[in-house]
Structures are given as C-alpha cells and as structure tokens.
$ cat run-v7.csv   # CSV, C-alpha atoms
chain,number,residue,atom,x,y,z
A,1,MET,CA,65.4,9.9,-9.9
A,2,VAL,CA,68.3,9.7,-12.3
A,3,ILE,CA,68.2,12.4,-15.0
A,4,VAL,CA,70.0,11.5,-18.2
A,5,THR,CA,71.0,14.1,-20.9
A,6,GLY,CA,71.4,12.7,-24.3
A,7,GLY,CA,69.4,9.6,-23.4
A,8,SER,CA,68.5,8.8,-27.0
A,9,GLY,CA,72.1,8.3,-28.2
A,10,HIS,CA,73.7,4.9,-28.4
A,11,ILE,CA,75.3,4.9,-25.0
A,12,GLY,CA,72.4,7.0,-23.6
A,13,ASN,CA,69.5,4.7,-24.5
A,14,VAL,CA,71.4,1.6,-23.3
A,15,LEU,CA,72.2,3.4,-20.0
A,16,VAL,CA,68.5,4.3,-19.6
A,17,ARG,CA,67.5,0.7,-20.2
A,18,THR,CA,70.1,-0.6,-17.8
A,19,LEU,CA,69.1,1.9,-15.1
A,20,LEU,CA,65.5,0.8,-15.5
A,21,ASN,CA,66.5,-2.9,-15.2
A,22,LYS,CA,68.2,-2.0,-11.9
A,23,GLY,CA,65.1,-0.4,-10.5
A,24,TYR,CA,66.0,3.3,-10.9
A,25,GLU,CA,63.4,5.9,-11.8
A,26,VAL,CA,64.7,7.6,-14.9
A,27,GLY,CA,64.1,10.9,-16.6
A,28,VAL,CA,65.6,11.9,-20.0
A,29,ILE,CA,66.4,15.4,-21.3
A,30,ASP,CA,66.3,15.5,-25.1
A,31,ARG,CA,65.4,18.0,-27.8
A,32,ASP,CA,62.4,15.7,-28.7
A,33,PRO,CA,62.6,12.7,-26.5
A,34,SER,CA,59.0,11.3,-26.6
A,35,THR,CA,59.2,10.7,-30.4
A,36,ASP,CA,62.7,9.3,-30.5
A,37,LYS,CA,62.4,5.5,-31.3
A,38,ALA,CA,65.4,4.7,-29.1
A,39,ILE,CA,63.5,5.7,-26.0
A,40,ALA,CA,59.9,6.5,-27.0
A,41,ASN,CA,58.3,3.4,-25.5
A,42,LEU,CA,60.3,3.2,-22.3
A,43,PRO,CA,58.7,3.8,-18.8
A,44,ILE,CA,60.6,7.1,-18.2
A,45,LYS,CA,59.8,10.8,-17.7
A,46,TYR,CA,60.5,13.0,-20.7
A,47,PHE,CA,61.8,16.5,-20.5
A,48,GLN,CA,62.0,18.4,-23.8
A,49,GLY,CA,64.7,21.1,-23.9
A,50,ASP,CA,68.2,22.1,-24.6
A,51,ILE,CA,71.2,21.8,-22.3
A,52,ARG,CA,72.2,25.4,-23.3
A,53,ASP,CA,69.1,26.6,-21.4
A,54,LEU,CA,70.3,27.0,-17.8
A,55,ASP,CA,66.9,27.9,-16.3
A,56,PHE,CA,65.3,24.8,-17.9
A,57,LEU,CA,68.1,22.5,-16.6
A,58,THR,CA,67.9,23.9,-13.1
A,59,GLU,CA,64.1,23.2,-12.9
A,60,VAL,CA,64.5,19.7,-14.2
A,61,PHE,CA,67.4,18.9,-12.0
A,62,LYS,CA,65.4,19.8,-8.9
A,63,LYS,CA,63.6,16.5,-9.5
A,64,ALA,CA,66.9,14.5,-9.6
A,65,GLU,CA,69.1,12.8,-7.1
A,66,TYR,CA,71.7,12.0,-9.8
A,67,VAL,CA,72.5,13.5,-13.2
A,68,CYS,CA,74.2,11.6,-16.0
A,69,HIS,CA,75.4,14.0,-18.6
A,70,LEU,CA,75.9,12.4,-22.0
A,71,ALA,CA,74.5,15.0,-24.4
A,72,GLY,CA,77.0,16.4,-26.9
A,73,ILE,CA,78.0,16.8,-30.5
A,74,ILE,CA,80.3,14.1,-32.0
A,75,SER,CA,81.8,15.3,-35.2
A,76,ILE,CA,85.1,14.7,-37.0
A,77,VAL,CA,84.1,16.8,-40.0
A,78,PRO,CA,85.5,20.3,-40.3
A,79,GLY,CA,83.0,23.2,-40.2
A,80,ASN,CA,81.1,22.3,-37.0
A,81,GLU,CA,83.4,24.1,-34.5
A,82,ASP,CA,81.0,26.7,-33.2
A,83,LEU,CA,78.3,24.1,-32.5
A,84,LEU,CA,80.9,21.8,-30.9
A,85,TYR,CA,82.0,24.4,-28.4
A,86,SER,CA,78.5,25.7,-27.7
A,87,VAL,CA,77.1,22.3,-26.8
A,88,ASN,CA,80.0,20.3,-25.6
A,89,VAL,CA,81.7,23.0,-23.5
A,90,ASP,CA,79.1,25.7,-22.7
A,91,GLY,CA,76.4,23.1,-22.4
A,92,THR,CA,78.4,21.1,-19.9
A,93,LYS,CA,79.1,24.3,-17.9
A,94,ASN,CA,75.4,24.9,-17.7
A,95,VAL,CA,74.9,21.3,-16.5
A,96,ILE,CA,77.4,21.9,-13.7
A,97,GLU,CA,75.8,25.1,-12.6
A,98,ALA,CA,72.3,23.6,-12.7
A,99,CYS,CA,73.5,20.7,-10.6
A,100,LYS,CA,74.9,23.1,-8.0
A,101,ARG,CA,71.7,25.2,-7.9
A,102,ALA,CA,69.5,22.1,-7.7
A,103,LYS,CA,71.7,20.5,-5.1
A,104,VAL,CA,71.9,17.1,-6.9
A,105,LYS,CA,73.7,14.3,-5.1
A,106,ARG,CA,76.2,13.5,-7.9
A,107,LEU,CA,77.0,14.4,-11.5
A,108,LEU,CA,78.4,11.7,-13.8
A,109,TYR,CA,80.0,13.1,-16.9
A,110,THR,CA,80.7,11.0,-20.0
A,111,SER,CA,84.0,12.2,-21.5
A,112,SER,CA,85.9,10.3,-24.2
A,113,VAL,CA,89.1,8.3,-24.6
A,114,HIS,CA,90.1,11.1,-27.1
A,115,ALA,CA,90.4,13.5,-24.2
A,116,LEU,CA,93.2,11.4,-22.6
A,117,TYR,CA,96.9,11.7,-23.1
A,118,GLU,CA,98.1,9.3,-25.9
A,119,PRO,CA,101.6,7.9,-25.0
A,120,PRO,CA,103.8,6.4,-27.7
A,121,LYS,CA,102.7,3.1,-29.1
A,122,GLY,CA,103.1,0.2,-26.8
A,123,ILE,CA,102.3,2.2,-23.7
A,124,PRO,CA,98.7,1.9,-22.6
A,125,ILE,CA,96.4,5.0,-22.3
A,126,ILE,CA,95.3,5.6,-18.7
A,127,GLU,CA,93.2,8.3,-17.0
A,128,LYS,CA,95.4,11.2,-17.7
A,129,LEU,CA,93.9,14.2,-19.5
A,130,ALA,CA,95.7,15.4,-22.6
A,131,LYS,CA,96.8,19.0,-23.2
A,132,ILE,CA,94.6,20.7,-25.7
A,133,LYS,CA,97.6,21.7,-27.9
A,134,ASN,CA,98.6,18.1,-28.3
A,135,VAL,CA,95.4,16.6,-29.6
A,136,LYS,CA,93.9,16.6,-33.1
A,137,GLY,CA,90.4,17.6,-33.9
A,138,GLU,CA,88.1,20.1,-32.3
A,139,TYR,CA,85.9,17.4,-30.8
A,140,ALA,CA,88.7,16.1,-28.6
A,141,LYS,CA,89.5,19.7,-27.6
A,142,THR,CA,86.0,20.3,-26.5
A,143,LYS,CA,85.9,17.1,-24.4
A,144,ILE,CA,89.1,18.1,-22.6
A,145,MET,CA,87.7,21.5,-21.8
A,146,ALA,CA,84.4,20.1,-20.6
A,147,THR,CA,86.1,17.4,-18.5
A,148,ARG,CA,88.3,19.9,-16.8
A,149,ALA,CA,85.3,22.0,-15.9
A,150,VAL,CA,83.6,18.9,-14.3
A,151,ILE,CA,86.6,17.9,-12.3
A,152,ASP,CA,87.1,21.5,-11.2
A,153,ALA,CA,83.5,21.6,-9.9
A,154,THR,CA,84.5,19.2,-7.1
A,155,LYS,CA,86.5,22.1,-5.6
A,156,GLU,CA,83.2,23.9,-5.3
A,157,GLY,CA,81.5,21.1,-3.4
A,158,LEU,CA,79.8,19.3,-6.3
A,159,SER,CA,80.3,15.5,-6.2
A,160,THR,CA,81.4,14.5,-9.7
A,161,VAL,CA,82.7,11.4,-11.4
A,162,VAL,CA,84.0,11.1,-15.0
A,163,VAL,CA,84.0,8.1,-17.4
A,164,TYR,CA,86.1,7.8,-20.5
A,165,PRO,CA,84.6,5.3,-22.9
A,166,ALA,CA,86.7,3.9,-25.7
A,167,GLY,CA,85.2,3.2,-29.1
A,168,ILE,CA,81.5,2.1,-28.8
A,169,ILE,CA,80.1,-1.0,-30.5
A,170,GLY,CA,77.0,-3.1,-29.8
A,171,PRO,CA,73.3,-3.5,-30.2
A,172,PHE,CA,70.5,-0.9,-29.6
A,173,ASP,CA,72.3,1.4,-32.1
A,174,PHE,CA,69.2,3.1,-33.3
A,175,LYS,CA,71.1,6.0,-35.0
A,176,HIS,CA,73.4,3.7,-36.9
A,177,SER,CA,76.9,4.6,-36.1
A,178,GLU,CA,79.7,4.1,-38.7
A,179,VAL,CA,80.8,0.8,-37.2
A,180,GLY,CA,77.2,-0.3,-36.5
A,181,SER,CA,76.3,0.4,-40.1
A,182,LEU,CA,79.3,-1.6,-41.3
A,183,ILE,CA,78.1,-4.6,-39.2
A,184,ARG,CA,74.5,-4.1,-40.3
A,185,ASP,CA,75.3,-4.3,-44.0
A,186,ALA,CA,77.8,-7.1,-43.7
A,187,ARG,CA,75.7,-9.6,-45.7
A,188,LYS,CA,75.0,-7.0,-48.4
A,189,TYR,CA,78.4,-6.0,-49.6
A,190,SER,CA,81.5,-7.6,-51.0
A,191,LYS,CA,84.5,-6.8,-48.8
A,192,VAL,CA,87.1,-6.2,-51.5
A,193,PHE,CA,89.6,-4.2,-49.5
A,194,TYR,CA,90.3,-3.0,-46.0
A,195,VAL,CA,92.3,-0.2,-44.4
A,196,GLU,CA,95.2,-0.6,-42.1
A,197,GLY,CA,94.9,0.0,-38.3
A,198,GLY,CA,92.4,-0.8,-35.7
A,199,TYR,CA,90.8,0.5,-32.5
A,200,ASN,CA,89.8,-0.4,-29.0
A,201,PHE,CA,86.0,-1.1,-28.9
A,202,ALA,CA,83.9,-1.7,-25.8
A,203,ASP,CA,80.4,-3.2,-25.8
A,204,VAL,CA,77.9,-0.5,-25.2
A,205,ARG,CA,76.2,-2.7,-22.6
A,206,ASP,CA,79.4,-3.1,-20.6
A,207,VAL,CA,80.0,0.7,-20.7
A,208,ALA,CA,76.5,1.4,-19.4
A,209,GLN,CA,77.1,-1.0,-16.5
A,210,GLY,CA,80.5,0.7,-15.9
A,211,MET,CA,78.8,4.1,-15.8
A,212,ILE,CA,76.3,3.0,-13.2
A,213,LEU,CA,79.1,1.4,-11.1
A,214,ALA,CA,81.0,4.8,-11.4
A,215,LEU,CA,77.8,6.6,-10.3
A,216,GLU,CA,77.4,4.4,-7.3
A,217,LYS,CA,80.9,3.6,-6.3
A,218,GLY,CA,83.3,6.0,-8.0
A,219,ARG,CA,85.5,8.3,-6.0
A,220,THR,CA,84.5,12.0,-6.2
A,221,GLY,CA,86.7,13.9,-8.6
A,222,GLU,CA,88.0,10.7,-10.2
A,223,GLY,CA,87.8,9.4,-13.8
A,224,TYR,CA,87.5,5.9,-15.0
A,225,LEU,CA,88.6,4.6,-18.4
A,226,LEU,CA,85.9,2.1,-19.8
A,227,ALA,CA,87.7,0.3,-22.6
A,228,GLY,CA,87.1,-3.0,-24.2
A,229,HIS,CA,89.3,-5.0,-26.6
A,230,LYS,CA,91.7,-4.2,-29.4
A,231,ILE,CA,90.7,-5.3,-32.8
A,232,THR,CA,92.1,-4.4,-36.2
A,233,ILE,CA,89.9,-3.5,-39.2
A,234,PHE,CA,91.0,-6.8,-40.9
A,235,GLU,CA,90.0,-8.8,-37.8
A,236,LEU,CA,86.7,-7.0,-37.7
A,237,PHE,CA,86.1,-7.9,-41.4
A,238,LEU,CA,87.3,-11.5,-40.8
A,239,ALA,CA,84.8,-11.9,-37.9
A,240,LEU,CA,81.9,-10.5,-40.0
A,241,ALA,CA,82.9,-12.8,-42.9
A,242,LYS,CA,82.8,-15.8,-40.6
A,243,ILE,CA,79.4,-14.9,-39.0
A,244,THR,CA,77.7,-14.0,-42.3
A,245,LYS,CA,79.5,-16.6,-44.4
A,246,THR,CA,80.6,-14.0,-46.9
A,247,PRO,CA,84.1,-13.5,-48.5
A,248,ILE,CA,86.9,-12.0,-46.6
A,249,PRO,CA,88.6,-8.8,-47.9
A,250,LYS,CA,91.3,-9.5,-50.5
A,251,PHE,CA,93.4,-6.3,-50.6
A,252,LYS,CA,94.9,-3.9,-48.0
A,253,ALA,CA,94.7,-0.3,-49.0
A,254,PRO,CA,97.9,1.5,-48.1
A,255,THR,CA,97.4,4.3,-45.6
A,256,CYS,CA,99.2,6.9,-47.7
A,257,ILE,CA,96.7,6.3,-50.6
A,258,VAL,CA,93.7,6.4,-48.3
A,259,LYS,CA,94.8,9.6,-46.7
A,260,PHE,CA,95.5,11.1,-50.1
A,261,LEU,CA,91.9,10.3,-51.2
A,262,ALA,CA,90.2,11.2,-47.9
A,263,PRO,CA,90.1,15.0,-48.5
A,264,ILE,CA,88.6,14.4,-52.0
A,265,ALA,CA,86.0,12.1,-50.5
A,266,GLU,CA,85.2,14.6,-47.7
A,267,PHE,CA,84.6,17.3,-50.3
A,268,PHE,CA,82.0,15.2,-52.3
A,269,TYR,CA,80.3,14.0,-49.1
A,270,LYS,CA,79.9,17.6,-48.0
A,271,ILE,CA,78.2,18.4,-51.3
A,272,LEU,CA,75.9,15.4,-50.8
A,273,LYS,CA,75.3,16.4,-47.2
A,274,ARG,CA,76.4,13.0,-45.9
A,275,GLU,CA,78.9,11.9,-43.3
A,276,PRO,CA,82.1,10.5,-44.9
A,277,VAL,CA,83.0,7.0,-44.1
A,278,PHE,CA,86.7,7.8,-43.8
A,279,THR,CA,88.3,11.2,-43.1
A,280,GLU,CA,91.9,12.1,-42.6
A,281,TYR,CA,91.2,12.3,-38.8
A,282,ALA,CA,89.6,8.9,-38.8
A,283,ILE,CA,92.6,7.3,-40.6
A,284,ASP,CA,94.9,9.0,-38.1
A,285,VAL,CA,92.8,7.5,-35.2
A,286,LEU,CA,92.9,4.0,-36.7
A,287,ASN,CA,96.6,4.2,-36.9
A,288,SER,CA,97.1,5.8,-33.4
A,289,ASN,CA,98.0,4.1,-30.2
A,290,TYR,CA,94.8,2.3,-29.1
A,291,ALA,CA,96.3,0.3,-26.3
A,292,THR,CA,94.3,1.0,-23.1
A,293,ASP,CA,94.4,0.2,-19.4
A,294,SER,CA,91.0,-0.1,-17.6
A,295,SER,CA,92.5,-1.7,-14.5
A,296,LYS,CA,91.5,1.3,-12.3
A,297,ALA,CA,87.8,0.8,-13.3
A,298,LYS,CA,88.1,-3.0,-12.9
A,299,LYS,CA,89.7,-2.7,-9.4
A,300,GLU,CA,87.7,0.1,-7.9
A,301,LEU,CA,84.3,-0.4,-9.7
A,302,GLY,CA,84.2,-4.1,-10.7
A,303,TYR,CA,84.0,-3.1,-14.4
A,304,LYS,CA,83.8,-6.2,-16.7
A,305,THR,CA,83.9,-6.6,-20.4
A,306,ARG,CA,82.6,-9.4,-22.6
A,307,ASP,CA,84.1,-11.0,-25.7
A,308,ILE,CA,84.3,-8.6,-28.6
A,309,TYR,CA,83.3,-11.3,-31.1
A,310,LYS,CA,80.1,-12.0,-29.1
A,311,THR,CA,79.4,-8.2,-29.3
A,312,ILE,CA,79.8,-8.3,-33.1
A,313,GLU,CA,77.4,-11.2,-33.4
A,314,ASP,CA,74.9,-9.6,-31.0
A,315,THR,CA,75.0,-6.4,-33.0
A,316,LEU,CA,74.3,-8.1,-36.3
A,317,ASN,CA,71.5,-10.1,-34.6
A,318,TRP,CA,69.9,-6.9,-33.3
A,319,TYR,CA,70.0,-5.2,-36.7
A,320,GLU,CA,68.3,-8.3,-38.1
A,321,GLY,CA,65.5,-8.0,-35.6
A,322,LYS,CA,66.5,-10.9,-33.3
A,323,GLU,CA,66.2,-10.6,-29.6
A,324,VAL,CA,69.3,-9.5,-27.7
A,325,ARG,CA,69.7,-9.1,-24.0
A,326,ILE,CA,70.4,-5.7,-22.6
A,327,GLU,CA,72.6,-7.1,-19.8

$ encode --input "run-v7.csv" --output "structure tokens"
Amino acid sequence: MVIVTGGSGHIGNVLVRTLLNKGYEVGVIDRDPSTDKAIANLPIKYFQGDIRDLDFLTEVFKKAEYVCHLAGIISIVPGNEDLLYSVNVDGTKNVIEACKRAKVKRLLYTSSVHALYEPPKGIPIIEKLAKIKNVKGEYAKTKIMATRAVIDATKEGLSTVVVYPAGIIGPFDFKHSEVGSLIRDARKYSKVFYVEGGYNFADVRDVAQGMILALEKGRTGEGYLLAGHKITIFELFLALAKITKTPIPKFKAPTCIVKFLAPIAEFFYKILKREPVFTEYAIDVLNSNYATDSSKAKKELGYKTRDIYKTIEDTLNWYEGKEVRIE
C-alpha cells in the first residue's frame, strides 16, 4: 500500500487518483478524509489523524510499503509562523521517525521550488537547496528545514527521494487555489489591468506522474525538480481571453505601485479573514527568477510536461463541469 499524507490537497488528490489508475492500493491520512470532496468517493483507505501525532503515524505506516508525504501548511501571509514550523518541520520529522519505526520501503517527500537556491536571472534553478538566511518568507524556510531532515535520514538507512514542484496549475483543484480561482472566474470579470512578472507553472497531472516516477525510479537521497513552462501574467490573461472570448487586459500596473498598495490590502483582508490576492511576497515571487531546469527529472525519471495552454483550457473545462482526463 502507498500511504499519502495531505491527499486531499491539489497535488495530493491528483496523486491519489493517478496511483489508483496505475493499480496501487492507496491509503490517505487527513484530518477528516472521508468527508473531503476531493477524495471522499475514491476507492481508498481513510486514516483520520494528525501528522504531529507520532504514535498514530507509526501504526498507520506499518500498513504501508511506501509513504508519500505532502501534508503541510502553505502560507505567504504573516502571522502563521508557529503553525508553519509545527506542521511543516516538526510534522515532517515525525513522518521520518514513523517511517523508520514502521520499516517502510521508501519515503517520498514533496518539497517546493521555493526551497531551492535562486541564481541571478537568466541562470536556471536546479536541485540545489537554498540557505535559510537567503530566502524570503517563513514558508520557504520551513520547506528547506524539512527537506534537509528528509535527506539526512538517508544516512540513517531510510530510503528517501525528494521532489521540488514548481507552481501548480490544473484541474481537480477542489480547494480553489489563487491561480485556479482566476481561471475559474475568467468569464465573469473584466480584465482591466495586469501586474508585471510571471512564473513557472506545471500541470498538476504531470507533477503527479513525476512523483510516481521518482518513487519508483528515483535515486535514494536525490531530489528532482518538477517544473513546467514559463508564462507571464499577461500571457496567462491573454490565453484566458482567447479561450473565453473576453477582453484582454488594457493596462499594466507598475510593480512599485502594486507593492505600495499590497500592505494596505493585506491589512483589510486580515480584518475580513480572507486570503489576499496579492501580497508583497507574491509580487516579489512574480518578479523573481523563474527559469528552471528539469533535465535531471527528464533524463533519470522520464518526466514529461504537456502544453501550458492545454492545461489552462482543461482547468477551465473542469471548473465548468466538463469531463477532463486525469492522465
């Protein structure tokens, strides 16, 4: 059996579906898995619990041959530091210890491209961990710390492999990510302006396939960057406008103005208890170096990526209730 933590998330539920398609028996650890619509009707075994509970993890992992650890907190909003470290770092250390005690065959850990060293623009990001002091945001710091713990576990005899997904986009986005929501509402809003910058987005289905390839074929103690395609925010809006036959954005909002307004927006979103669309950190990310090199994953694992514009179209179709293939 493959046990997946965080199986109800965007990557998680697609990974679970892909594993099932490949004939694996799958179990999911989640805080309330059987009622989560992302996985509620799938033929899997449900284990309700928290990754911060070591005894619980150990008992569940005794049933597993493989463990795919995806559970974690993703947050770019200030104020969640204690929870980030408790779940992302301490929770991962619990997963490692439970894997050792249960003698699982292999642990696959899902890190993040934000945990990798970002070279100057023009030089692609590769599988090289960043130094904590050189990254922005507590989320990235927790992913670096957790990744180091997983890699270090190989020295103690645990077979591990790490994947570093780039930005995730694609169908089966039950919890409506920021980019997913943007695509979902493409027909409903008038795209008046856009912000500068862009990002590297990978289809969630390609990432799930890459994770399984890493689990099956990846070298112990190694990490694999699972990136997709570079696309600017303007190109994303342009693609949505073409698909939905709606107007293209007319004005580019200068980064300096957006960054000036971002803290004000964050303040009001905090009062409203909603996630802000743009934060200072998000603007920095969109204007960072998002060139990536997935050649290691392609060469060693056979990792493949599909056309980003097909992904955008499939995502919109899924939100509109149309049938979309998991593969």

$ atom_distance --input "run-v7.csv" --atom1 "atom CA of A:Val135" --atom2 "atom CA of A:Asp173"
27.8 Å

$ residues_near_point --input "run-v7.csv" --point "(80.9, 13.6, -28.3)" --cutoff "9 Å" --atoms "all atoms listed in the file" --output "list in words"
Leu70, Ala71, Gly72, Ile73, Ile74, Ser75, Leu84, Asn88, Thr110, Ser111, Ser112, Tyr139, Ala140, Thr142 and Lys143 of chain A

$ residues_around --input "run-v7.csv" --residues "A:Lys299" --least-positions-apart "3" --cutoff "12 Å" --atoms "all atoms listed in the file" --output "PDB file with C-alpha atoms, in the frame of the given file"
ATOM      1  CA  GLY A 210      80.500   0.700 -15.900  1.00  0.00           C
ATOM      2  CA  LEU A 213      79.100   1.400 -11.100  1.00  0.00           C
ATOM      3  CA  ALA A 214      81.000   4.800 -11.400  1.00  0.00           C
ATOM      4  CA  LYS A 217      80.900   3.600  -6.300  1.00  0.00           C
ATOM      5  CA  GLY A 218      83.300   6.000  -8.000  1.00  0.00           C
ATOM      6  CA  TYR A 224      87.500   5.900 -15.000  1.00  0.00           C
ATOM      7  CA  LEU A 225      88.600   4.600 -18.400  1.00  0.00           C
ATOM      8  CA  ASP A 293      94.400   0.200 -19.400  1.00  0.00           C
ATOM      9  CA  SER A 294      91.000  -0.100 -17.600  1.00  0.00           C
ATOM     10  CA  SER A 295      92.500  -1.700 -14.500  1.00  0.00           C
ATOM     11  CA  LYS A 296      91.500   1.300 -12.300  1.00  0.00           C
ATOM     12  CA  GLY A 302      84.200  -4.100 -10.700  1.00  0.00           C
ATOM     13  CA  TYR A 303      84.000  -3.100 -14.400  1.00  0.00           C
ATOM     14  CA  LYS A 304      83.800  -6.200 -16.700  1.00  0.00           C
TER      15      LYS A 304
END

$ atom_distance --input "run-v7.csv" --atom1 "atom CA of A:Gly6" --atom2 "atom CA of A:Lys45"
13.5 Å

$ residues_around --input "run-v7.csv" --residues "A:Asn13" --least-positions-apart "6" --cutoff "10 Å" --atoms "only C-alpha atoms" --output "VMD selection string"
chain A and resid 4 6 to 7 19 28 37 to 39 42 172 to 174 204 208

$ atom_distance --input "run-v7.csv" --atom1 "atom CA of A:Arg106" --atom2 "atom CA of A:Tyr66"
5.1 Å
